[in-house]
file upload-v7.txt (compact mmCIF, C-alpha atoms)
# COMPACT_ATOMS: atom_id res chain seq x y z
CA MET A 186 0.00 0.00 0.00
CA SER A 187 1.33 3.38 -1.03
CA LYS A 188 2.19 5.94 1.62
CA LEU A 189 0.60 8.63 -0.48
CA LEU A 190 -2.48 10.40 0.80
CA ARG A 191 -5.82 8.95 -0.20
CA ARG A 192 -8.07 11.32 -2.05
CA ARG A 193 -11.33 10.66 -0.26
CA GLU A 194 -9.73 10.98 3.16
CA VAL A 195 -8.23 14.32 2.13
CA VAL A 196 -11.55 15.60 0.80
CA ALA A 197 -13.51 14.35 3.81
CA LYS A 198 -11.05 16.16 6.10
CA LEU A 199 -11.26 19.42 4.13
CA LEU A 200 -15.08 19.32 4.11
CA GLU A 201 -15.51 18.44 7.79
CA ASP A 202 -17.72 21.01 9.55
CA ARG A 203 -17.85 22.99 6.33
CA GLY A 204 -20.50 25.46 7.50
CA ASP A 205 -21.61 27.74 4.66
CA MET A 206 -18.49 27.14 2.57
CA MET A 207 -19.38 26.69 -1.10
CA VAL A 208 -17.63 23.88 -2.99
CA ILE A 209 -16.95 23.53 -6.71
CA ALA A 210 -15.54 20.20 -7.91
CA GLY A 211 -13.84 19.55 -11.23
CA LEU A 212 -15.17 16.81 -13.47
CA GLY A 213 -14.43 13.18 -12.76
CA ALA A 214 -12.96 11.91 -9.50
CA PRO A 215 -13.08 15.21 -7.57
CA ALA A 216 -16.83 15.38 -8.25
CA TRP A 217 -17.22 11.81 -6.97
CA ASP A 218 -15.01 12.64 -3.97
CA ILE A 219 -17.07 15.60 -2.73
CA THR A 220 -20.21 13.53 -3.22
CA ALA A 221 -18.71 10.65 -1.24
CA ALA A 222 -18.13 13.13 1.59
CA GLY A 223 -21.88 13.85 1.54
CA ASP A 224 -24.11 15.33 -1.15
CA HIS A 225 -24.79 18.95 -0.21
CA ASP A 226 -26.85 21.89 -1.47
CA LEU A 227 -23.67 24.02 -1.58
CA ASN A 228 -21.85 21.51 -3.81
CA PHE A 229 -21.39 22.21 -7.48
CA PRO A 230 -19.90 19.04 -8.95
CA MET A 231 -19.06 19.45 -12.62
CA TRP A 232 -19.89 16.92 -15.32
CA GLY A 233 -17.85 18.61 -18.04
CA ALA A 234 -16.35 22.04 -18.82
CA MET A 235 -12.79 20.76 -18.31
CA GLY A 236 -10.46 23.61 -17.36
CA GLY A 237 -13.26 25.76 -15.95
CA ALA A 238 -13.44 24.79 -12.27
CA ALA A 239 -11.15 27.50 -10.90
CA MET A 240 -12.87 30.19 -12.97
CA ILE A 241 -16.31 29.16 -11.73
CA GLY A 242 -14.81 29.54 -8.28
CA LEU A 243 -13.59 33.05 -9.12
CA GLY A 244 -16.98 34.22 -10.44
CA LEU A 245 -18.67 32.84 -7.36
CA ALA A 246 -16.08 34.30 -4.98
CA LEU A 247 -16.48 37.76 -6.53
CA ALA A 248 -20.28 37.52 -6.33
CA GLN A 249 -20.28 36.33 -2.69
CA PRO A 250 -17.25 38.00 -1.11
CA LYS A 251 -18.31 37.25 2.46
CA LYS A 252 -18.47 33.49 1.98
CA LYS A 253 -15.66 31.06 1.35
CA VAL A 254 -15.36 29.22 -1.95
CA LEU A 255 -13.36 25.99 -2.16
CA VAL A 256 -12.49 24.56 -5.58
CA ILE A 257 -11.41 20.93 -5.52
CA THR A 258 -10.14 19.64 -8.82
CA GLY A 259 -7.66 17.30 -10.45
CA ASP A 260 -4.24 17.85 -12.01
CA GLY A 261 -5.48 17.20 -15.55
CA GLU A 262 -8.37 19.65 -15.16
CA MET A 263 -6.09 22.33 -13.71
CA LEU A 264 -3.53 21.84 -16.46
CA MET A 265 -6.24 22.62 -19.01
CA GLY A 266 -6.96 25.96 -17.33
CA LEU A 267 -3.50 27.22 -16.38
CA GLY A 268 -4.23 30.72 -17.64
CA SER A 269 -6.91 31.03 -14.98
CA LEU A 270 -4.16 31.01 -12.34
CA ALA A 271 -2.97 34.34 -13.76
CA THR A 272 -6.50 35.70 -14.01
CA ILE A 273 -7.29 34.75 -10.40
CA ALA A 274 -3.97 36.00 -9.01
CA VAL A 275 -4.66 39.42 -10.53
CA GLN A 276 -8.17 39.56 -9.03
CA LYS A 277 -6.88 38.52 -5.56
CA PRO A 278 -10.15 37.11 -4.17
CA ARG A 279 -9.65 36.78 -0.41
CA ASN A 280 -12.34 34.09 -0.17
CA LEU A 281 -11.13 31.67 -2.87
CA TYR A 282 -9.17 28.49 -2.14
CA ILE A 283 -8.08 26.03 -4.83
CA VAL A 284 -7.03 22.50 -3.98
CA VAL A 285 -5.68 20.26 -6.74
CA LEU A 286 -5.79 16.56 -5.98
CA ASP A 287 -2.73 15.50 -7.92
CA ASN A 288 -2.52 11.82 -8.78
CA GLU A 289 -0.32 12.56 -11.83
CA HIS A 290 -2.81 10.78 -14.08
CA TYR A 291 -5.96 11.21 -16.14
CA GLY A 292 -7.96 8.84 -13.97
CA GLU A 293 -11.21 8.71 -15.92
CA THR A 294 -9.74 7.85 -19.30
CA GLY A 295 -7.39 4.96 -18.56
CA MET A 296 -4.82 6.39 -16.13
CA GLN A 297 -2.61 8.04 -18.73
CA GLU A 298 0.13 10.19 -17.23
CA THR A 299 -0.17 13.98 -16.86
CA HIS A 300 2.64 16.53 -16.83
CA THR A 301 2.71 16.70 -13.02
CA GLY A 302 4.48 13.34 -12.88
CA HIS A 303 7.18 14.78 -15.12
CA GLY A 304 8.28 17.77 -13.11
CA VAL A 305 5.50 20.30 -13.67
CA ASP A 306 4.90 22.03 -10.33
CA LEU A 307 1.40 23.49 -10.27
CA ALA A 308 1.91 25.18 -6.89
CA GLY A 309 5.08 26.77 -8.24
CA MET A 310 3.12 28.08 -11.21
CA ALA A 311 0.43 29.50 -8.92
CA LYS A 312 3.11 31.19 -6.82
CA ALA A 313 4.76 32.64 -9.89
CA ALA A 314 1.37 33.90 -11.07
CA GLY A 315 1.05 35.82 -7.82
CA PHE A 316 -0.97 33.68 -5.40
CA ALA A 317 -0.22 34.89 -1.88
CA HIS A 318 -0.32 31.34 -0.61
CA ALA A 319 0.77 28.42 -2.77
CA ARG A 320 1.93 25.15 -1.27
CA ASN A 321 2.64 21.52 -1.93
CA VAL A 322 1.03 19.10 0.47
CA GLY A 323 1.94 15.44 0.93
CA THR A 324 1.24 14.44 4.52
CA GLN A 325 -1.69 14.14 6.93
CA ALA A 326 -0.20 16.98 8.98
CA GLY A 327 0.00 19.06 5.82
CA VAL A 328 -3.68 18.41 5.12
CA ALA A 329 -4.57 19.47 8.67
CA ARG A 330 -2.59 22.73 8.19
CA LEU A 331 -4.28 23.26 4.84
CA LYS A 332 -7.69 22.83 6.40
CA SER A 333 -6.80 25.37 9.06
CA MET A 334 -5.58 27.85 6.44
CA ILE A 335 -8.83 27.47 4.49
CA ARG A 336 -10.97 27.89 7.61
CA ASN A 337 -9.02 30.70 9.24
CA GLY A 338 -6.83 32.35 6.64
CA ALA A 339 -7.36 34.63 3.68
CA GLY A 340 -7.09 33.60 0.06
CA PRO A 341 -6.33 33.37 -2.67
CA LEU A 342 -4.73 30.08 -1.73
CA PHE A 343 -3.54 27.30 -4.01
CA ALA A 344 -2.57 23.84 -2.79
CA GLN A 345 -1.29 20.91 -4.80
CA VAL A 346 -1.94 17.75 -2.79
CA LYS A 347 -0.12 14.63 -3.95
CA ILE A 348 -2.46 11.66 -3.71
CA ASP A 349 -2.44 8.00 -4.58
CA ALA A 350 -3.71 7.16 -8.07
CA GLN A 351 -6.26 4.70 -6.71
CA LYS A 352 -9.40 3.80 -8.65
CA LEU A 353 -12.39 3.99 -6.34
CA PRO A 354 -16.06 3.10 -6.64
CA LEU A 355 -18.01 5.91 -8.30
CA VAL A 356 -20.20 7.98 -6.01
CA LEU A 357 -22.21 9.98 -8.48
CA PRO A 358 -23.87 13.32 -7.78
CA PRO A 359 -27.21 14.17 -9.43
CA ARG A 360 -26.69 14.26 -13.19
CA ASP A 361 -29.23 16.96 -14.00
CA ALA A 362 -27.08 20.09 -13.90
CA THR A 363 -30.10 22.42 -13.81
CA TYR A 364 -31.10 20.76 -10.54
CA ILE A 365 -27.60 21.17 -9.10
CA LYS A 366 -27.57 24.83 -10.20
CA ASN A 367 -30.98 25.71 -8.81
CA ARG A 368 -30.41 23.84 -5.57
CA PHE A 369 -27.15 25.72 -5.12
CA ARG A 370 -28.67 29.13 -5.89
CA ILE A 371 -31.55 28.58 -3.50
CA ALA A 372 -29.08 27.59 -0.76
CA VAL A 373 -27.06 30.77 -1.37
CA LEU A 374 -29.74 33.29 -2.28
CA GLY A 375 -32.95 31.89 -0.77
CA PRO A 376 -36.12 30.84 -2.59
CA GLU A 377 -36.27 34.18 -4.41
CA ALA A 378 -33.34 32.87 -6.48
CA LEU A 379 -35.95 31.32 -8.78
CA HIS A 380 -37.91 34.55 -9.13
CA ASP A 381 -35.07 36.76 -10.23
CA GLU A 382 -36.61 39.52 -12.39
CA MET B 201 -13.17 52.02 -45.94
CA LYS B 202 -14.83 54.43 -43.57
CA ALA B 203 -16.82 53.42 -40.59
CA VAL B 204 -20.51 53.79 -41.23
CA ALA B 205 -21.11 56.86 -39.16
CA THR B 206 -24.57 56.51 -37.81
CA ASN B 207 -25.27 59.84 -36.23
CA PRO B 208 -22.02 61.64 -35.49
CA SER B 209 -23.67 64.14 -33.17
CA GLY B 210 -25.61 61.48 -31.26
CA PRO B 211 -24.34 59.43 -28.33
CA HIS B 212 -21.74 56.77 -29.07
CA TRP B 213 -23.22 53.28 -28.96
CA ALA B 214 -20.70 52.21 -26.32
CA ASP B 215 -21.96 54.92 -23.94
CA GLU B 216 -25.51 53.67 -24.38
CA VAL B 217 -24.47 50.04 -23.95
CA HIS B 218 -22.63 50.87 -20.74
CA ALA B 219 -25.81 52.53 -19.41
CA LEU B 220 -27.89 49.49 -20.40
CA LEU B 221 -25.49 47.09 -18.67
CA LYS B 222 -25.56 49.25 -15.57
CA ALA B 223 -29.34 49.46 -15.54
CA ALA B 224 -29.51 45.65 -15.82
CA LYS B 225 -27.25 45.37 -12.73
CA ILE B 226 -24.56 43.62 -14.72
CA ARG B 227 -21.49 43.66 -12.47
CA GLN B 228 -18.86 41.22 -13.72
CA ILE B 229 -17.35 42.39 -16.99
CA ALA B 230 -15.20 39.59 -18.42
CA ILE B 231 -12.94 40.74 -21.23
CA VAL B 232 -10.45 39.67 -23.80
CA PRO B 233 -9.92 43.05 -25.39
CA ASP B 234 -10.80 44.13 -28.89
CA ALA B 235 -10.30 47.58 -30.36
CA GLY B 236 -14.00 47.69 -31.13
CA HIS B 237 -14.75 47.31 -27.41
CA ALA B 238 -12.07 49.75 -26.21
CA ARG B 239 -14.48 52.57 -25.35
CA LEU B 240 -16.95 50.29 -23.56
CA ILE B 241 -14.13 48.62 -21.59
CA ARG B 242 -12.84 52.01 -20.48
CA LEU B 243 -16.32 53.02 -19.30
CA CYS B 244 -16.72 49.79 -17.34
CA GLU B 245 -13.27 50.19 -15.76
CA LYS B 246 -14.28 53.62 -14.48
CA ASP B 247 -17.57 52.35 -13.07
CA ARG B 248 -17.22 51.42 -9.40
CA ALA B 249 -20.33 49.22 -9.56
CA MET B 250 -18.60 47.02 -12.13
CA ARG B 251 -15.72 44.59 -11.79
CA VAL B 252 -13.65 44.16 -14.93
CA VAL B 253 -12.01 40.73 -15.06
CA ARG B 254 -9.29 40.43 -17.69
CA LEU B 255 -9.03 36.89 -19.02
CA THR B 256 -6.21 34.98 -20.67
CA THR B 257 -8.66 33.24 -23.03
CA GLU B 258 -12.34 33.71 -23.75
CA GLU B 259 -13.47 30.36 -22.38
CA GLU B 260 -12.45 31.51 -18.91
CA GLY B 261 -15.26 34.04 -19.18
CA ILE B 262 -17.90 31.37 -19.77
CA ALA B 263 -16.90 29.65 -16.51
CA LEU B 264 -16.47 32.93 -14.61
CA LEU B 265 -19.98 34.08 -15.46
CA ALA B 266 -21.44 30.68 -14.55
CA GLY B 267 -19.90 31.14 -11.10
CA ALA B 268 -21.21 34.69 -10.93
CA TRP B 269 -24.74 33.48 -11.63
CA LEU B 270 -24.43 30.76 -8.97
CA GLY B 271 -23.65 33.58 -6.54
CA GLY B 272 -26.46 35.85 -7.72
CA GLU B 273 -24.54 38.26 -9.97
CA LYS B 274 -24.94 39.00 -13.64
CA GLY B 275 -22.10 39.52 -16.04
CA VAL B 276 -21.19 40.03 -19.65
CA LEU B 277 -18.37 38.66 -21.80
CA LEU B 278 -16.78 41.19 -24.16
CA MET B 279 -14.66 39.62 -26.86
CA GLN B 280 -13.60 39.60 -30.49
CA SER B 281 -14.95 37.09 -32.98
CA SER B 282 -11.60 35.30 -33.11
CA GLY B 283 -12.31 34.15 -29.54
CA ALA B 284 -15.53 32.37 -30.47
CA GLY B 285 -13.75 29.15 -31.32
CA ASN B 286 -11.99 29.15 -27.95
CA CYS B 287 -15.38 29.05 -26.21
CA ILE B 288 -17.09 26.11 -27.85
CA ASN B 289 -16.56 23.24 -25.41
CA MET B 290 -16.95 25.49 -22.36
CA LEU B 291 -20.33 26.65 -23.69
CA GLY B 292 -21.55 23.15 -22.85
CA LEU B 293 -21.53 24.38 -19.25
CA SER B 294 -23.97 27.20 -19.99
CA LEU B 295 -26.16 24.91 -22.09
CA SER B 296 -26.29 21.90 -19.78
CA CYS B 297 -26.91 24.00 -16.66
CA GLN B 298 -29.09 26.62 -18.40
CA PHE B 299 -26.91 29.48 -17.23
CA PRO B 300 -27.79 32.83 -18.75
CA LEU B 301 -24.81 34.16 -20.69
CA LEU B 302 -24.50 37.45 -22.52
CA MET B 303 -21.66 37.73 -25.03
CA LEU B 304 -20.99 40.93 -26.97
CA VAL B 305 -18.75 39.97 -29.85
CA THR B 306 -17.10 42.56 -32.07
CA MET B 307 -16.48 41.15 -35.51
CA ARG B 308 -13.22 40.81 -37.35
CA GLY B 309 -12.80 39.08 -40.68
CA ASP B 310 -16.03 40.75 -41.63
CA HIS B 311 -16.82 43.99 -43.45
CA GLY B 312 -13.75 45.19 -45.35
CA GLU B 313 -11.20 43.16 -43.37
CA PHE B 314 -7.57 43.65 -44.41
CA ASN B 315 -5.95 40.83 -42.39
CA PRO B 316 -6.26 37.40 -44.04
CA ALA B 317 -5.72 35.61 -40.72
CA GLN B 318 -8.89 37.12 -39.31
CA VAL B 319 -11.16 35.82 -42.04
CA PRO B 320 -11.51 32.08 -41.28
CA MET B 321 -12.76 32.50 -37.70
CA GLY B 322 -14.67 35.69 -38.45
CA ASN B 323 -16.49 34.05 -41.32
CA ALA B 324 -17.32 30.99 -39.18
CA THR B 325 -18.25 32.78 -35.96
CA GLN B 326 -22.02 32.74 -36.37
CA ALA B 327 -22.10 29.17 -37.69
CA VAL B 328 -19.99 27.65 -34.91
CA LEU B 329 -21.81 29.47 -32.14
CA GLU B 330 -25.15 28.36 -33.56
CA ALA B 331 -23.86 24.81 -34.00
CA ILE B 332 -23.23 24.46 -30.26
CA GLY B 333 -26.61 26.00 -29.43
CA VAL B 334 -25.94 29.68 -28.75
CA ILE B 335 -28.57 32.16 -29.92
CA VAL B 336 -26.87 34.59 -32.27
CA LYS B 337 -28.09 38.11 -33.04
CA ARG B 338 -26.37 40.78 -35.07
CA ALA B 339 -26.11 44.55 -35.20
CA ASP B 340 -24.52 46.27 -38.17
CA THR B 341 -24.96 49.94 -37.41
CA GLY B 342 -24.14 51.95 -34.31
CA GLU B 343 -27.77 52.95 -34.05
CA ASP B 344 -28.86 49.32 -33.90
CA VAL B 345 -26.43 48.30 -31.19
CA PRO B 346 -28.19 49.68 -28.07
CA GLU B 347 -31.56 48.25 -28.99
CA MET B 348 -30.03 44.88 -29.84
CA VAL B 349 -28.09 44.86 -26.57
CA SER B 350 -31.24 45.71 -24.66
CA SER B 351 -33.12 42.80 -26.20
CA ALA B 352 -30.11 40.50 -25.79
CA ILE B 353 -29.96 41.23 -22.06
CA ARG B 354 -33.63 40.33 -21.68
CA LEU B 355 -33.46 37.20 -23.79
CA ALA B 356 -30.32 35.83 -22.12
CA PHE B 357 -31.26 36.51 -18.51
CA ASN B 358 -35.00 35.92 -18.73
CA THR B 359 -34.73 32.64 -20.60
CA TYR B 360 -31.46 31.23 -19.14
CA ARG B 361 -29.56 30.84 -22.37
CA PRO B 362 -26.22 31.72 -23.87
CA LEU B 363 -26.67 34.50 -26.39
CA ALA B 364 -24.06 36.20 -28.57
CA LEU B 365 -24.68 39.59 -30.10
CA LEU B 366 -22.31 40.06 -33.02
CA ILE B 367 -21.38 43.69 -33.57
CA GLY B 368 -20.46 43.95 -37.23
CA GLN B 369 -17.21 45.42 -38.43
CA ARG B 370 -19.18 48.19 -40.17
CA VAL B 371 -19.94 49.60 -36.71
CA SER B 372 -16.38 50.32 -35.64
CA GLY B 373 -14.92 50.51 -39.12
CA ALA B 374 -12.57 48.10 -40.83
CA LYS B 375 -9.55 50.35 -40.99
CA ASP B 376 -10.12 52.69 -38.11
CA PHE B 377 -9.46 50.31 -35.27
CA ARG B 378 -6.11 51.79 -34.25
CA LYS B 379 -7.53 55.28 -34.29
CA LEU B 380 -10.45 54.08 -32.18
CA THR B 381 -8.09 52.73 -29.52
CA GLU B 382 -6.10 55.96 -29.46
CA SER B 383 -9.20 58.13 -29.15
CA VAL B 384 -10.39 56.45 -25.97
CA SER B 385 -6.96 56.21 -24.38
CA LYS B 386 -6.50 59.98 -24.41

call {"tool": "encode", "arguments": {"input": "upload-v7.txt", "output": "structure tokens"}}
result
Amino acid sequence: MSKLLRRREVVAKLLEDRGDMMVIAGLGAPAWDITAAGDHDLNFPMWGAMGGAAMIGLGLALAQPKKKVLVITGDGEMLMGLGSLATIAVQKPRNLYIVVLDNEHYGETGMQETHTGHGVDLAGMAKAAGFAHARNVGTQAGVARLKSMIRNGAGPLFAQVKIDAQKLPLVLPPRDATYIKNRFRIAVLGPEALHDE
Amino acid sequence: MKAVATNPSGPHWADEVHALLKAAKIRQIAIVPDAGHARLIRLCEKDRAMRVVRLTTEEEGIALLAGAWLGGEKGVLLMQSSGAGNCINMLGLSLSCQFPLLMLVTMRGDHGEFNPAQVPMGNATQAVLEAIGVIVKRADTGEDVPEMVSSAIRLAFNTYRPLALLIGQRVSGAKDFRKLTESVSK
């Protein structure tokens, strides 16, 4: 058994006592992971739109500056949206936290390798883009510190968490994205969310 | 080729569009710049009720504005037609979730274009956006732009759809784009 962190344990830890924190998950395993931790009205698991998770987080963070936004995504998804690291760093949203679960593989398509197993340092790229906090995480203690930084510290924060490339049973969120959207908006904005002018 | 001056003494379309966006409480202004949008971008940058978000590629704007809507804010994506192709897969997000999305697209490769590289994407812009399921409208004179923007705002946000309003190259003028940038930067 690998000594690497296990993705669902990391996600469960980060989402413990989440309060009114809003959570966006990139397509594939991160979406299954946040669902495994407990389906939630303030979850927005993605079924597609690869490369867009961090930017959805930015739009949400700017719209709701008093609430925390946590984006949990994979290395392949983040690699497809690298430019968004620059866009986010320039906007400096104090309530946005991005966690990349890095298994160095495209897990949904046959476990092909990604660049992160060949020296590409996503946290280093986030730091160079201008993220105030950018870190690599590889231990349980590191995950506990990361959780504390998300709960108590200001963003924008970027963390690249090395995890085991394990294949796990799927835990699927609802597949109707209009339901996920409306459920989320009602949880954030109240029932009037559906009667917006 | 001269720009088709609509009414030189009347208000500039960009001033009217800025007022329409403001009245519609549109707050997040996602941009990949185009000379044709220079005046409108400048107005939005000066407006404290608006947040201009510069993007590295247009598809970031599709995701940004989905997040904005999740949090109860409206936005607009200002871009050039050459960015339309960059958006196609990400538009699946707007379509599958029924997010409203307003895109104001200034055309290149259109009326009197001089740059051959602009023509393939410009010529295909309407077709590719329609192929993925975006509603496409078009304005070809400065006078038309405000009314078309007004109706585009209503259609996009009232019916939860991605909509692109193409602003034809006749509006800003095929050869005057450098001059246009200079005039607003003074």

call {"tool": "interface_residues", "arguments": {"input": "upload-v7.txt", "of": "chain B", "to": "chain A", "cutoff": "9 Å", "atoms": "all atoms listed in the file", "output": "MDAnalysis selection string"}}
result
chainID B and resid 227:228 251 253:257 259:274 289:293 296:299 357:358

call {"tool": "closest_residue", "arguments": {"input": "upload-v7.txt", "among": "B:Val371, B:Leu277, B:Leu240, B:Leu329", "to": "Gly342 of chain B", "atoms": "only C-alpha atoms"}}
result
B:Val371

call {"tool": "atom_distance", "arguments": {"input": "upload-v7.txt", "atom1": "atom CA of Gly275 of chain B", "atom2": "atom CA of Thr220 of chain A"}}
result
29.0 Å

call {"tool": "atom_distance", "arguments": {"input": "upload-v7.txt", "atom1": "atom CA of Ser350 of chain B", "atom2": "atom CA of Gly322 of chain B"}}
result
23.8 Å

call {"tool": "atom_distance", "arguments": {"input": "upload-v7.txt", "atom1": "atom CA of Gly323 of chain A", "atom2": "atom CA of Asp205 of chain A"}}
result
26.8 Å

call {"tool": "residues_around", "arguments": {"input": "upload-v7.txt", "residues": "Ile283 of chain A", "least_positions_apart": "4", "cutoff": "7 Å", "atoms": "only C-alpha atoms", "output": "list of chain:residue names"}}
result
A:Ala239, A:Leu255, A:Val256, A:Ile257, A:Leu342, A:Phe343, A:Ala344

call {"tool": "residues_around", "arguments": {"input": "upload-v7.txt", "residues": "Ala339 of chain A", "least_positions_apart": "6", "cutoff": "10 Å", "atoms": "only C-alpha atoms", "output": "list of chain:residue names"}}
result
A:Lys253, A:Pro278, A:Arg279, A:Asn280, A:Leu281, A:Tyr282, A:Ala317, A:His318

call {"tool": "residues_near_point", "arguments": {"input": "upload-v7.txt", "point": "(-17.1, 11.8, 7.5)", "cutoff": "8 Å", "atoms": "only C-alpha atoms", "output": "PyMOL selection string"}}
result
chain A and resi 197-198+201+222-223

call {"tool": "closest_residue", "arguments": {"input": "upload-v7.txt", "among": "A:Gln351, A:His380, A:Val356, A:Arg191", "to": "Gly295 of chain A", "atoms": "only C-alpha atoms"}}
result
A:Gln351

call {"tool": "residues_near_point", "arguments": {"input": "upload-v7.txt", "point": "(-1.8, 14.7, 6.6)", "cutoff": "12 Å", "atoms": "all atoms listed in the file", "output": "list in words"}}
result
Lys188, Leu189, Leu190, Arg191, Arg192, Glu194, Val195, Val196, Lys198, Leu199, Asn321, Val322, Gly323, Thr324, Gln325, Ala326, Gly327, Val328, Ala329, Arg330, Leu331, Lys332, Val346, Lys347 and Ile348 of chain A

call {"tool": "residues_around", "arguments": {"input": "upload-v7.txt", "residues": "Tyr291 of chain A", "least_positions_apart": "3", "cutoff": "9 Å", "atoms": "only C-alpha atoms", "output": "ChimeraX atom specification"}}
result
/A:259-262,288,294-299

call {"tool": "write_last_selection", "arguments": {"input": "upload-v7.txt", "atoms": "C-alpha atoms", "output": "PDB file, keeping the file's coordinate frame"}}
result
ATOM      1  CA  GLY A 259      -7.660  17.300 -10.450  1.00  0.00           C
ATOM      2  CA  ASP A 260      -4.240  17.850 -12.010  1.00  0.00           C
ATOM      3  CA  GLY A 261      -5.480  17.200 -15.550  1.00  0.00           C
ATOM      4  CA  GLU A 262      -8.370  19.650 -15.160  1.00  0.00           C
ATOM      5  CA  ASN A 288      -2.520  11.820  -8.780  1.00  0.00           C
ATOM      6  CA  THR A 294      -9.740   7.850 -19.300  1.00  0.00           C
ATOM      7  CA  GLY A 295      -7.390   4.960 -18.560  1.00  0.00           C
ATOM      8  CA  MET A 296      -4.820   6.390 -16.130  1.00  0.00           C
ATOM      9  CA  GLN A 297      -2.610   8.040 -18.730  1.00  0.00           C
ATOM     10  CA  GLU A 298       0.130  10.190 -17.230  1.00  0.00           C
ATOM     11  CA  THR A 299      -0.170  13.980 -16.860  1.00  0.00           C
TER      12      THR A 299
END

call {"tool": "decode", "arguments": {"input": "upload-v7.txt", "residues": "segment 236-283 of chain A", "atoms": "C-alpha atoms", "output": "CSV table (one decimal), in the first residue's frame"}}
result
chain,number,residue,atom,x,y,z
A,236,GLY,CA,-10.5,23.6,-17.4
A,237,GLY,CA,-13.3,25.8,-15.9
A,238,ALA,CA,-13.4,24.8,-12.3
A,239,ALA,CA,-11.1,27.5,-10.9
A,240,MET,CA,-12.9,30.2,-13.0
A,241,ILE,CA,-16.3,29.2,-11.7
A,242,GLY,CA,-14.8,29.5,-8.3
A,243,LEU,CA,-13.6,33.0,-9.1
A,244,GLY,CA,-17.0,34.2,-10.4
A,245,LEU,CA,-18.7,32.8,-7.4
A,246,ALA,CA,-16.1,34.3,-5.0
A,247,LEU,CA,-16.5,37.8,-6.5
A,248,ALA,CA,-20.3,37.5,-6.3
A,249,GLN,CA,-20.3,36.3,-2.7
A,250,PRO,CA,-17.3,38.0,-1.1
A,251,LYS,CA,-18.3,37.3,2.5
A,252,LYS,CA,-18.5,33.5,2.0
A,253,LYS,CA,-15.7,31.1,1.4
A,254,VAL,CA,-15.4,29.2,-2.0
A,255,LEU,CA,-13.4,26.0,-2.2
A,256,VAL,CA,-12.5,24.6,-5.6
A,257,ILE,CA,-11.4,20.9,-5.5
A,258,THR,CA,-10.1,19.6,-8.8
A,259,GLY,CA,-7.7,17.3,-10.5
A,260,ASP,CA,-4.2,17.8,-12.0
A,261,GLY,CA,-5.5,17.2,-15.5
A,262,GLU,CA,-8.4,19.6,-15.2
A,263,MET,CA,-6.1,22.3,-13.7
A,264,LEU,CA,-3.5,21.8,-16.5
A,265,MET,CA,-6.2,22.6,-19.0
A,266,GLY,CA,-7.0,26.0,-17.3
A,267,LEU,CA,-3.5,27.2,-16.4
A,268,GLY,CA,-4.2,30.7,-17.6
A,269,SER,CA,-6.9,31.0,-15.0
A,270,LEU,CA,-4.2,31.0,-12.3
A,271,ALA,CA,-3.0,34.3,-13.8
A,272,THR,CA,-6.5,35.7,-14.0
A,273,ILE,CA,-7.3,34.7,-10.4
A,274,ALA,CA,-4.0,36.0,-9.0
A,275,VAL,CA,-4.7,39.4,-10.5
A,276,GLN,CA,-8.2,39.6,-9.0
A,277,LYS,CA,-6.9,38.5,-5.6
A,278,PRO,CA,-10.2,37.1,-4.2
A,279,ARG,CA,-9.6,36.8,-0.4
A,280,ASN,CA,-12.3,34.1,-0.2
A,281,LEU,CA,-11.1,31.7,-2.9
A,282,TYR,CA,-9.2,28.5,-2.1
A,283,ILE,CA,-8.1,26.0,-4.8
